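Content type CSV, C-alpha atoms, from the file final.csv:
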chain,number,residue,atom,x,y,z
H,1,MET,CA,132.2,96.7,170.2
H,2,ALA,CA,131.4,100.5,170.1
H,3,ILE,CA,128.3,101.7,171.8
H,4,ASP,CA,126.0,103.8,169.6
H,5,ASP,CA,123.9,106.8,170.7
H,6,LYS,CA,120.7,104.7,170.7
H,7,LYS,CA,122.1,102.4,173.3
H,8,VAL,CA,123.3,105.4,175.4
H,9,LYS,CA,119.8,106.8,175.3
H,10,GLU,CA,118.2,103.5,176.4
H,11,PHE,CA,120.6,103.4,179.4
H,12,GLU,CA,119.9,107.0,180.3
H,13,ASP,CA,116.1,106.6,180.1
H,14,ASN,CA,116.3,103.5,182.3
H,15,TYR,CA,118.6,105.3,184.8
H,16,ARG,CA,116.5,108.4,184.9
H,17,GLU,CA,113.2,106.4,185.3
H,18,LYS,CA,114.6,104.6,188.4
H,19,LEU,CA,115.9,107.9,189.8
H,20,PHE,CA,112.6,109.8,189.5
H,21,ASN,CA,110.6,106.8,190.8
H,22,SER,CA,112.7,107.0,194.0
H,23,PHE,CA,111.9,110.8,194.2
H,24,ARG,CA,108.2,110.0,193.9
H,25,THR,CA,108.5,107.6,196.8
H,26,ILE,CA,110.1,110.3,198.9
H,27,SER,CA,107.4,112.8,197.9
H,28,LEU,CA,104.6,110.3,198.8
H,29,ASN,CA,106.1,109.5,202.2
H,30,GLN,CA,106.5,113.2,203.0
H,31,SER,CA,102.9,113.9,202.1
H,32,LYS,CA,101.8,111.1,204.5
H,33,VAL,CA,103.9,112.5,207.3
H,34,PHE,CA,102.4,116.0,207.2
H,35,ALA,CA,98.9,115.2,206.1
H,36,ALA,CA,98.4,113.0,209.2
H,37,THR,CA,99.1,115.9,211.5
H,38,GLU,CA,97.8,118.8,209.6
H,39,LYS,CA,94.6,119.3,211.6
H,40,ILE,CA,96.4,119.3,215.0
H,41,ARG,CA,99.1,121.6,213.6
H,42,ARG,CA,96.5,124.1,212.4
H,43,GLU,CA,94.6,124.0,215.8
H,44,ASN,CA,97.9,124.6,217.7
H,45,ASN,CA,99.2,127.4,215.5
H,46,LEU,CA,102.1,125.2,214.4
H,47,ILE,CA,103.8,125.8,211.0
H,48,THR,CA,101.4,124.6,208.3
H,49,ASP,CA,102.9,125.8,205.0
H,50,LEU,CA,105.3,122.9,204.6
H,51,PRO,CA,106.8,122.2,201.2
H,52,ASN,CA,107.3,118.6,200.0
H,53,ILE,CA,111.1,118.1,199.7
H,54,GLY,CA,110.5,115.1,197.3
H,55,ILE,CA,108.8,117.4,194.8
H,56,THR,CA,111.5,120.1,195.3
H,57,LEU,CA,114.2,117.5,194.6
H,58,ASN,CA,112.3,116.3,191.5
H,59,ASN,CA,111.8,119.8,190.1
H,60,LYS,CA,115.3,121.0,190.8
H,61,LEU,CA,116.9,118.0,189.0
H,62,VAL,CA,114.6,118.6,186.0
H,63,GLN,CA,115.7,122.2,185.9
H,64,LEU,CA,119.4,121.3,186.0
H,65,GLN,CA,118.9,118.5,183.5
H,66,HIS,CA,117.7,121.1,181.0
H,67,GLU,CA,120.7,123.3,181.6
H,68,PHE,CA,123.0,120.4,180.7
H,69,GLU,CA,120.8,119.5,177.6
H,70,ASN,CA,120.9,123.1,176.4
H,71,VAL,CA,124.7,122.9,175.9
H,72,GLY,CA,124.6,119.4,174.3
H,73,ILE,CA,125.6,117.2,177.3
H,74,SER,CA,123.7,114.9,179.6
H,75,ILE,CA,123.6,115.4,183.3
H,76,TYR,CA,123.4,111.6,183.7
H,77,LEU,CA,125.5,109.5,181.4
H,78,GLU,CA,128.2,109.8,178.8
H,79,LYS,CA,130.3,107.5,176.6
H,80,THR,CA,134.0,106.9,177.2
H,81,GLU,CA,136.5,108.2,174.6
H,82,ASN,CA,136.7,104.8,172.9
H,83,CYS,CA,132.9,104.5,172.9
H,84,LYS,CA,133.1,101.0,174.5
H,85,GLU,CA,131.6,101.9,177.9
H,86,ILE,CA,129.0,104.2,179.4
H,87,LYS,CA,129.8,106.1,182.6
H,88,LEU,CA,128.1,108.6,184.8
H,89,ASN,CA,128.8,112.3,183.9
H,90,TYR,CA,131.3,113.4,186.6
H,91,ILE,CA,129.8,116.9,187.2
H,92,GLY,CA,126.3,115.5,186.9
H,93,GLU,CA,127.0,112.8,189.5
H,94,ALA,CA,128.6,115.4,191.8
H,95,VAL,CA,125.5,117.6,191.5
H,96,LEU,CA,123.0,114.8,192.0
H,97,LEU,CA,124.8,113.5,195.1
H,98,ASP,CA,124.7,117.0,196.6
H,99,LEU,CA,120.9,117.4,195.8
H,100,ILE,CA,120.3,114.0,197.4
H,101,ARG,CA,122.4,115.1,200.4
H,102,TYR,CA,120.1,118.1,200.9
H,103,ALA,CA,117.0,115.9,200.6
H,104,ARG,CA,118.3,113.4,203.1
H,105,ASN,CA,118.9,116.2,205.6
H,106,GLY,CA,115.3,117.3,205.1
H,107,ILE,CA,113.9,113.8,205.6
H,108,GLU,CA,115.9,113.5,208.8
H,109,SER,CA,114.3,116.8,210.0
H,110,SER,CA,110.8,115.5,209.1
H,111,ASN,CA,111.5,112.2,210.9
H,112,GLU,CA,112.6,114.1,214.0
H,113,TYR,CA,109.4,116.2,213.8
H,114,GLN,CA,107.3,113.1,213.6
H,115,GLU,CA,109.0,111.5,216.6
H,116,LYS,CA,108.7,114.7,218.7
H,117,PHE,CA,105.0,115.2,217.6
H,118,ASP,CA,104.1,111.5,218.4
H,119,LEU,CA,105.8,111.7,221.8
H,120,ILE,CA,103.8,114.9,222.8
H,121,VAL,CA,100.5,113.5,221.6
H,122,THR,CA,101.0,110.1,223.2
H,123,LYS,CA,101.7,111.8,226.6
H,124,LYS,CA,98.5,113.8,226.3
H,125,LEU,CA,96.4,110.7,225.4
H,126,LYS,CA,97.9,108.8,228.4
H,127,LYS,CA,97.0,111.7,230.6
H,128,ILE,CA,93.4,111.7,229.4
H,129,HIS,CA,92.7,108.0,229.3
H,130,GLY,CA,95.1,106.8,232.0
H,131,ARG,CA,97.9,104.2,231.7
H,132,GLU,CA,97.1,101.0,229.8
H,133,ASP,CA,98.4,97.7,231.1
H,134,ASP,CA,98.9,94.6,229.0
H,135,SER,CA,95.6,92.9,230.0
H,136,ALA,CA,93.2,92.2,227.1
H,137,ILE,CA,90.2,93.2,229.2
H,138,THR,CA,91.6,96.5,230.1
H,139,LYS,CA,92.4,97.2,226.4
H,140,VAL,CA,88.8,96.5,225.4
H,141,PHE,CA,87.4,98.8,228.1
H,142,THR,CA,89.9,101.5,227.2
H,143,LYS,CA,88.9,101.3,223.6
H,144,MET,CA,85.2,101.5,224.6
H,145,LYS,CA,86.0,104.5,226.8
H,146,ARG,CA,87.6,106.3,224.0
H,147,THR,CA,84.7,105.6,221.7
H,148,LEU,CA,82.1,106.8,224.3
H,149,VAL,CA,84.1,109.8,225.4
H,150,PRO,CA,85.5,111.5,222.2
H,151,LEU,CA,88.5,113.7,222.4
H,152,LYS,CA,87.9,117.4,222.6
H,153,GLN,CA,90.0,120.0,220.9
H,154,LYS,CA,91.3,121.3,224.2
H,155,ASP,CA,92.6,117.9,225.1
H,156,LEU,CA,95.3,118.1,222.5
H,157,LEU,CA,96.3,121.7,222.9
H,158,PHE,CA,100.1,122.2,223.0
H,159,THR,CA,101.9,124.3,225.6
H,160,GLN,CA,104.1,127.2,224.4
H,161,LYS,CA,107.2,125.0,225.0
H,162,GLU,CA,105.8,122.2,222.9
H,163,ILE,CA,104.8,124.6,220.1
H,164,GLN,CA,108.4,126.0,220.2
H,165,THR,CA,109.9,122.5,220.1
H,166,ILE,CA,107.8,121.4,217.1
H,167,ASN,CA,108.2,124.7,215.2
H,168,GLN,CA,112.0,124.6,215.5
H,169,THR,CA,112.1,121.2,213.8
H,170,LEU,CA,109.7,122.3,211.1
H,171,SER,CA,111.7,125.4,210.5
H,172,SER,CA,114.8,123.4,210.0
H,173,TYR,CA,113.0,121.3,207.5
H,174,LYS,CA,111.8,124.3,205.6
H,175,ASP,CA,115.4,125.8,205.6
H,176,VAL,CA,116.8,122.6,204.0
H,177,ASP,CA,114.1,122.6,201.4
H,178,ASN,CA,114.8,126.2,200.6
H,179,GLN,CA,118.6,125.5,200.2
H,180,LEU,CA,117.7,122.7,197.9
H,181,TRP,CA,115.5,124.9,195.7
H,182,ASN,CA,118.1,127.7,195.6
H,183,TYR,CA,120.8,125.3,194.4
H,184,ASN,CA,122.4,126.5,191.2
H,185,LEU,CA,125.5,125.6,189.3
H,186,ARG,CA,127.3,128.9,189.5
H,187,SER,CA,127.0,129.1,193.3
H,188,ASN,CA,127.2,125.4,194.2
H,189,VAL,CA,129.0,123.3,191.6
H,190,VAL,CA,132.5,124.0,193.0
H,191,SER,CA,131.5,122.7,196.4
H,192,SER,CA,129.7,119.7,194.8
H,193,ILE,CA,132.7,118.7,192.8
H,194,THR,CA,135.1,119.2,195.7
H,195,LYS,CA,132.9,117.0,198.0
H,196,LYS,CA,132.8,114.2,195.4
H,197,ILE,CA,136.6,114.2,194.9
H,198,ARG,CA,137.2,114.1,198.6
H,199,GLU,CA,134.6,111.4,199.3
H,200,GLN,CA,136.1,109.1,196.6
H,201,LYS,CA,139.5,109.6,198.3
H,202,CYS,CA,141.2,110.7,195.1
H,203,SER,CA,145.0,111.0,195.4
H,204,ALA,CA,146.3,114.5,195.2
H,205,ASN,CA,148.6,113.7,192.3
H,206,GLU,CA,145.6,112.3,190.3
H,207,VAL,CA,143.4,115.4,190.8
H,208,PRO,CA,144.8,117.5,188.0
H,209,LYS,CA,144.3,114.8,185.5
H,210,LEU,CA,140.8,114.1,186.7
H,211,LEU,CA,139.9,117.8,186.3
H,212,GLU,CA,141.5,117.9,182.9
H,213,GLU,CA,139.7,114.9,181.5
H,214,SER,CA,136.3,114.8,183.3
H,215,VAL,CA,135.5,118.2,184.7
H,216,ILE,CA,137.0,121.1,182.8
H,217,PRO,CA,135.6,120.3,179.4
H,218,ASP,CA,132.0,120.2,180.7
H,219,LEU,CA,132.5,123.3,182.9
H,220,GLN,CA,133.6,125.1,179.7
H,221,LYS,CA,130.5,123.9,177.8
H,222,LEU,CA,128.2,125.0,180.7
H,223,GLY,CA,129.7,128.5,180.5
H,224,LEU,CA,131.5,128.1,183.9
H,225,ALA,CA,135.1,128.2,182.8
H,226,ASP,CA,135.7,131.2,185.0
H,227,LEU,CA,135.1,128.9,188.0
H,228,ILE,CA,138.0,126.6,187.2
H,229,PRO,CA,140.6,128.7,189.2
H,230,GLU,CA,138.2,128.8,192.2
H,231,LEU,CA,137.8,125.0,192.0
H,232,GLN,CA,141.6,124.5,191.9
H,233,ARG,CA,142.1,126.8,194.9
H,234,THR,CA,139.4,125.1,196.9
H,235,LEU,CA,140.9,121.6,196.2
H,236,VAL,CA,144.3,122.8,197.2
H,237,GLU,CA,143.0,124.2,200.5
H,238,GLU,CA,141.1,120.9,201.1
H,239,TYR,CA,144.2,118.7,200.6
H,240,LYS,CA,146.3,121.0,202.7
H,241,LYS,CA,144.2,119.9,205.7
H,242,ASP,CA,145.7,116.4,205.3
H,243,LEU,CA,149.4,117.6,205.5
H,244,PRO,CA,151.4,116.0,208.3
H,245,ALA,CA,152.4,118.3,211.2
H,246,SER,CA,155.6,120.2,210.3
H,247,GLU,CA,157.3,119.0,213.5
H,248,ILE,CA,156.7,115.4,212.5
H,249,TYR,CA,157.7,115.4,208.9
H,250,GLN,CA,159.1,118.0,206.5
H,251,ILE,CA,157.9,117.5,202.9
H,252,SER,CA,160.3,118.6,200.1
H,253,LYS,CA,159.1,120.9,197.4
H,254,LYS,CA,159.5,118.2,194.7
H,255,ASP,CA,157.3,115.8,196.7
H,256,MET,CA,154.5,118.3,197.6
H,257,HIS,CA,152.4,117.3,194.5
H,258,LEU,CA,151.9,113.9,196.2
H,259,TYR,CA,150.0,115.6,199.0
H,260,VAL,CA,148.5,118.8,197.5
H,261,PRO,CA,147.3,119.0,193.8
H,262,ASP,CA,149.7,120.9,191.6
H,263,PHE,CA,147.8,122.2,188.6
H,264,ASN,CA,151.0,123.6,187.0
H,265,ARG,CA,152.6,120.2,186.9
H,266,GLU,CA,152.3,117.7,184.0
H,267,THR,CA,149.0,115.8,184.7
H,268,LYS,CA,150.2,112.4,183.3
H,269,HIS,CA,150.0,109.8,186.0
H,270,THR,CA,152.7,107.1,186.2
H,271,GLU,CA,153.5,104.1,188.3
H,272,LYS,CA,156.5,105.9,189.6
H,273,THR,CA,154.4,108.6,191.3
H,274,THR,CA,152.2,106.0,193.0
H,275,GLU,CA,155.4,104.3,194.3
H,276,GLU,CA,156.8,107.6,195.5
H,277,LEU,CA,153.6,108.3,197.4
H,278,HIS,CA,153.6,104.9,199.2
H,279,LYS,CA,157.3,105.5,200.2
H,280,GLN,CA,156.4,109.0,201.5
H,281,GLU,CA,153.5,107.6,203.5
H,282,GLN,CA,155.7,105.0,205.1
H,283,MET,CA,158.3,107.6,206.0
H,284,ILE,CA,155.6,109.7,207.7
H,285,ILE,CA,154.5,106.7,209.8
H,286,GLU,CA,158.1,106.0,210.8
H,287,GLN,CA,158.7,109.7,211.6
H,288,GLU,CA,155.6,109.8,213.8
H,289,GLU,CA,156.8,106.8,215.8
H,290,THR,CA,160.2,108.4,216.1
H,291,THR,CA,158.7,111.7,217.2
H,292,GLN,CA,156.5,110.0,219.9
H,293,THR,CA,159.6,108.2,221.3
H,294,MET,CA,161.7,111.4,221.2
H,295,ASN,CA,158.9,113.5,222.8
H,296,ALA,CA,158.6,111.0,225.7
H,297,SER,CA,162.4,111.0,226.2
H,298,LEU,CA,162.5,114.8,226.1
H,299,LYS,CA,159.8,115.1,228.7
H,300,GLN,CA,161.9,113.1,231.1
H,301,GLU,CA,164.5,115.9,230.8
H,302,GLY,CA,161.9,118.6,231.1
H,303,ILE,CA,162.0,119.6,227.5
H,304,THR,CA,159.1,119.6,225.0
H,305,LEU,CA,158.8,119.9,221.2
H,306,GLU,CA,157.6,123.5,221.8
H,307,ASP,CA,161.0,124.3,223.2
H,308,PHE,CA,162.5,123.1,219.9
H,309,SER,CA,160.1,125.5,218.0
H,310,VAL,CA,161.3,128.5,220.1
H,311,ILE,CA,164.9,127.5,219.7
H,312,ASP,CA,164.7,127.0,215.9
H,313,SER,CA,163.0,130.3,215.4
H,314,GLU,CA,165.7,132.2,217.1
H,315,VAL,CA,169.0,130.4,216.6
H,316,SER,CA,170.7,128.3,213.9
H,317,ALA,CA,170.5,124.5,214.0
H,318,LEU,CA,174.2,124.3,215.0
H,319,ASP,CA,173.5,126.1,218.2
H,320,ARG,CA,170.3,124.2,219.0
H,321,GLN,CA,172.0,121.5,221.1
H,322,LYS,CA,173.8,124.1,223.3
H,323,MET,CA,170.4,125.7,224.0
H,324,ILE,CA,168.8,122.4,224.8
H,325,ASN,CA,171.6,121.5,227.2
H,326,MET,CA,171.2,124.9,228.8
H,327,ILE,CA,167.4,124.5,229.3
H,328,SER,CA,168.0,121.0,230.7
H,329,ASN,CA,170.8,122.2,233.1
H,330,GLU,CA,168.7,125.2,234.3
H,331,GLN,CA,165.7,122.9,235.0
H,332,LYS,CA,167.9,120.5,236.9
H,333,THR,CA,169.5,123.3,238.9
H,334,GLU,CA,166.0,124.7,239.8
H,335,LYS,CA,165.0,121.2,240.9
H,336,ASN,CA,168.1,120.7,243.1
H,337,GLU,CA,167.7,124.2,244.6
H,338,GLY,CA,164.1,123.4,245.4
H,339,GLU,CA,165.0,120.1,247.0
H,340,ASN,CA,167.8,121.8,249.1
H,341,LEU,CA,165.3,124.5,250.2
H,342,VAL,CA,162.9,121.8,251.4
H,343,LEU,CA,165.7,120.1,253.4
H,344,LYS,CA,166.8,123.4,254.9
H,345,GLU,CA,163.2,124.2,256.0
H,346,ASP,CA,162.8,120.7,257.5
H,347,LYS,CA,166.1,121.1,259.4
H,348,LYS,CA,165.0,124.5,260.6
H,349,LEU,CA,161.6,123.2,261.8
H,350,GLY,CA,163.4,120.3,263.6
H,351,GLU,CA,165.7,122.7,265.5
H,352,GLU,CA,162.9,125.0,266.5
H,353,GLY,CA,160.2,122.5,267.4
H,354,GLY,CA,161.9,119.1,267.8
H,355,ASN,CA,160.8,116.0,265.9
H,356,ILE,CA,157.6,116.3,263.8
H,357,SER,CA,155.4,113.2,263.5
H,358,LEU,CA,152.1,112.6,261.7
Target format structure tokens, applied to this file:
Amino acid sequence: MAIDDKKVKEFEDNYREKLFNSFRTISLNQSKVFAATEKIRRENNLITDLPNIGITLNNKLVQLQHEFENVGISIYLEKTENCKEIKLNYIGEAVLLDLIRYARNGIESSNEYQEKFDLIVTKKLKKIHGREDDSAITKVFTKMKRTLVPLKQKDLLFTQKEIQTINQTLSSYKDVDNQLWNYNLRSNVVSSITKKIREQKCSANEVPKLLEESVIPDLQKLGLADLIPELQRTLVEEYKKDLPASEIYQISKKDMHLYVPDFNRETKHTEKTTEELHKQEQMIIEQEETTQTMNASLKQEGITLEDFSVIDSEVSALDRQKMINMISNEQKTEKNEGENLVLKEDKKLGEEGGNISL
């Protein structure tokens, strides 16, 4: 049964309501954190002009939502081609995940601030009132003492070191909030999409099809078609990081699309490519095991894989073995000469000074 536009709107309204409710919760929590310490921050010349990252997150998403709406697409949801399912908009989800990532980093900074602030203030209070023990009577008298002897402003003055510690944390929080507010599609969407593709562990040979179906059409609608080559280059560089070391496994040109996205290749995915990928992965594992065994064996002969690299860069593969044998023989000769030299020295010492004992 096909899903009509009315149903899509109901789903979207529900999804959006839950999303913004969570943002309001973040905003309320951030307000509580900073309101509770505002007076002491002001008296100690600590940073006071602190933004609320929950509000920043809310406003930034509203702004981006309108950009999508202006070109006739939703930043939240869309129907599948057969109109039988509703799914998250791929670019919209990538953007939203990045915005939430910024907000989470800001919240972590504010939590760090609260912990450091509480620790400093607690130490000062203990210094003023003395240590408390667990006895109920002592707690009663301590509470009375605090009531009778109110805290003075100077009692909670921060040292320069404490001010620097707190302000560094608050500065980090403000920086993250600023990065969130300055987020824009032209500067950040390539990074957002790349992160999402990598985090969902999409196979390299599936990436071209994914871009063709779920990313490129909306980038074109958003007026960002010129970013497509940059996105492709960025993804290629990201997947290159996963390539096995060349001394362990050599990948043929025809198999490279299984490891690094090839945007000039036909994007149709088949069972055969998946099977090829599994075979290649198994071959890499076997090659790594063989290399480890070979390396251990070579080290016994005083030869390393680095020696192979030097040899291969200078001579043909046919002459490699001759070079290896020569390196091995030279190292054995040096070892024997060293042993003979030690024996000669020992003999000389024995002739000159008689027997040597420890």
Have a look at atom CA of Tyr173 of chain H and atom CA of Lys18 of chain H and let me know their distance in Å, one decimal. 25.4 Å
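Straight-line separation from atom CA of Ile86 of chain H to atom CA of Glu213 of chain H: 15.3 Å.
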Measure the distance from atom CA of Glu12 of chain H to atom CA of Tyr76 of chain H in Å and round it to one decimal. 6.7 Å
Excluding segment 31-43 of chain H and any residue of its chain fewer than 5 positions from it, enumerate the residues within 8 Å of it, using only C-alpha atoms, and give them as a PyMOL selection string. chain H and resi 48+50+52+110+114+153+156-157
If we count only C-alpha atoms and set the cut-off at 7 Å, which residues sit around Leu99 of chain H, ignoring sequence neighbours fewer than 4 positions away in its own chain? Please answer as number ranges by chain. H: 57, 95, 103, 180
Just C-alpha atoms for this one: save the residues we selected as a compact mmCIF listing (two decimals), keeping the file's coordinate frame.
# COMPACT_ATOMS: atom_id res chain seq x y z
CA LEU H 57 114.20 117.50 194.60
CA VAL H 95 125.50 117.60 191.50
CA ALA H 103 117.00 115.90 200.60
CA LEU H 180 117.70 122.70 197.90
For Glu112 of chain H, which residue out of H:Ser172, H:Thr159, H:Asn45, H:Ser191 is the nearest one, using all atoms listed in the file?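 The shortest atom-to-atom distance to Glu112 of chain H comes from H:Ser172.
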Taking all atoms listed in the file into account, which of H:Gln65, H:Asn58, H:Thr165, H:Asn44 comes nearest Ser22 of chain H? H:Asn58
Using all atoms listed in the file, which protein or nucleic acid residues come within 12 Å of Leu222 of chain H? Drop anything in the same chain fewer than 6 positions from it, and give the result as an mmCIF file with C-alpha atoms, keeping the file's coordinate frame.
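Result written to part-v7.cif:
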data_model
loop_
_atom_site.group_PDB
_atom_site.id
_atom_site.type_symbol
_atom_site.label_atom_id
_atom_site.label_comp_id
_atom_site.auth_asym_id
_atom_site.auth_seq_id
_atom_site.Cartn_x
_atom_site.Cartn_y
_atom_site.Cartn_z
ATOM 1 C CA LEU H 64 119.400 121.300 186.000
ATOM 2 C CA GLN H 65 118.900 118.500 183.500
ATOM 3 C CA HIS H 66 117.700 121.100 181.000
ATOM 4 C CA GLU H 67 120.700 123.300 181.600
ATOM 5 C CA PHE H 68 123.000 120.400 180.700
ATOM 6 C CA GLU H 69 120.800 119.500 177.600
ATOM 7 C CA ASN H 70 120.900 123.100 176.400
ATOM 8 C CA VAL H 71 124.700 122.900 175.900
ATOM 9 C CA GLY H 72 124.600 119.400 174.300
ATOM 10 C CA ILE H 73 125.600 117.200 177.300
ATOM 11 C CA SER H 74 123.700 114.900 179.600
ATOM 12 C CA ILE H 75 123.600 115.400 183.300
ATOM 13 C CA ILE H 91 129.800 116.900 187.200
ATOM 14 C CA GLY H 92 126.300 115.500 186.900
ATOM 15 C CA LEU H 185 125.500 125.600 189.300
ATOM 16 C CA ARG H 186 127.300 128.900 189.500
ATOM 17 C CA VAL H 189 129.000 123.300 191.600
ATOM 18 C CA VAL H 215 135.500 118.200 184.700
ATOM 19 C CA ILE H 216 137.000 121.100 182.800
ATOM 20 C CA ILE H 228 138.000 126.600 187.200
#
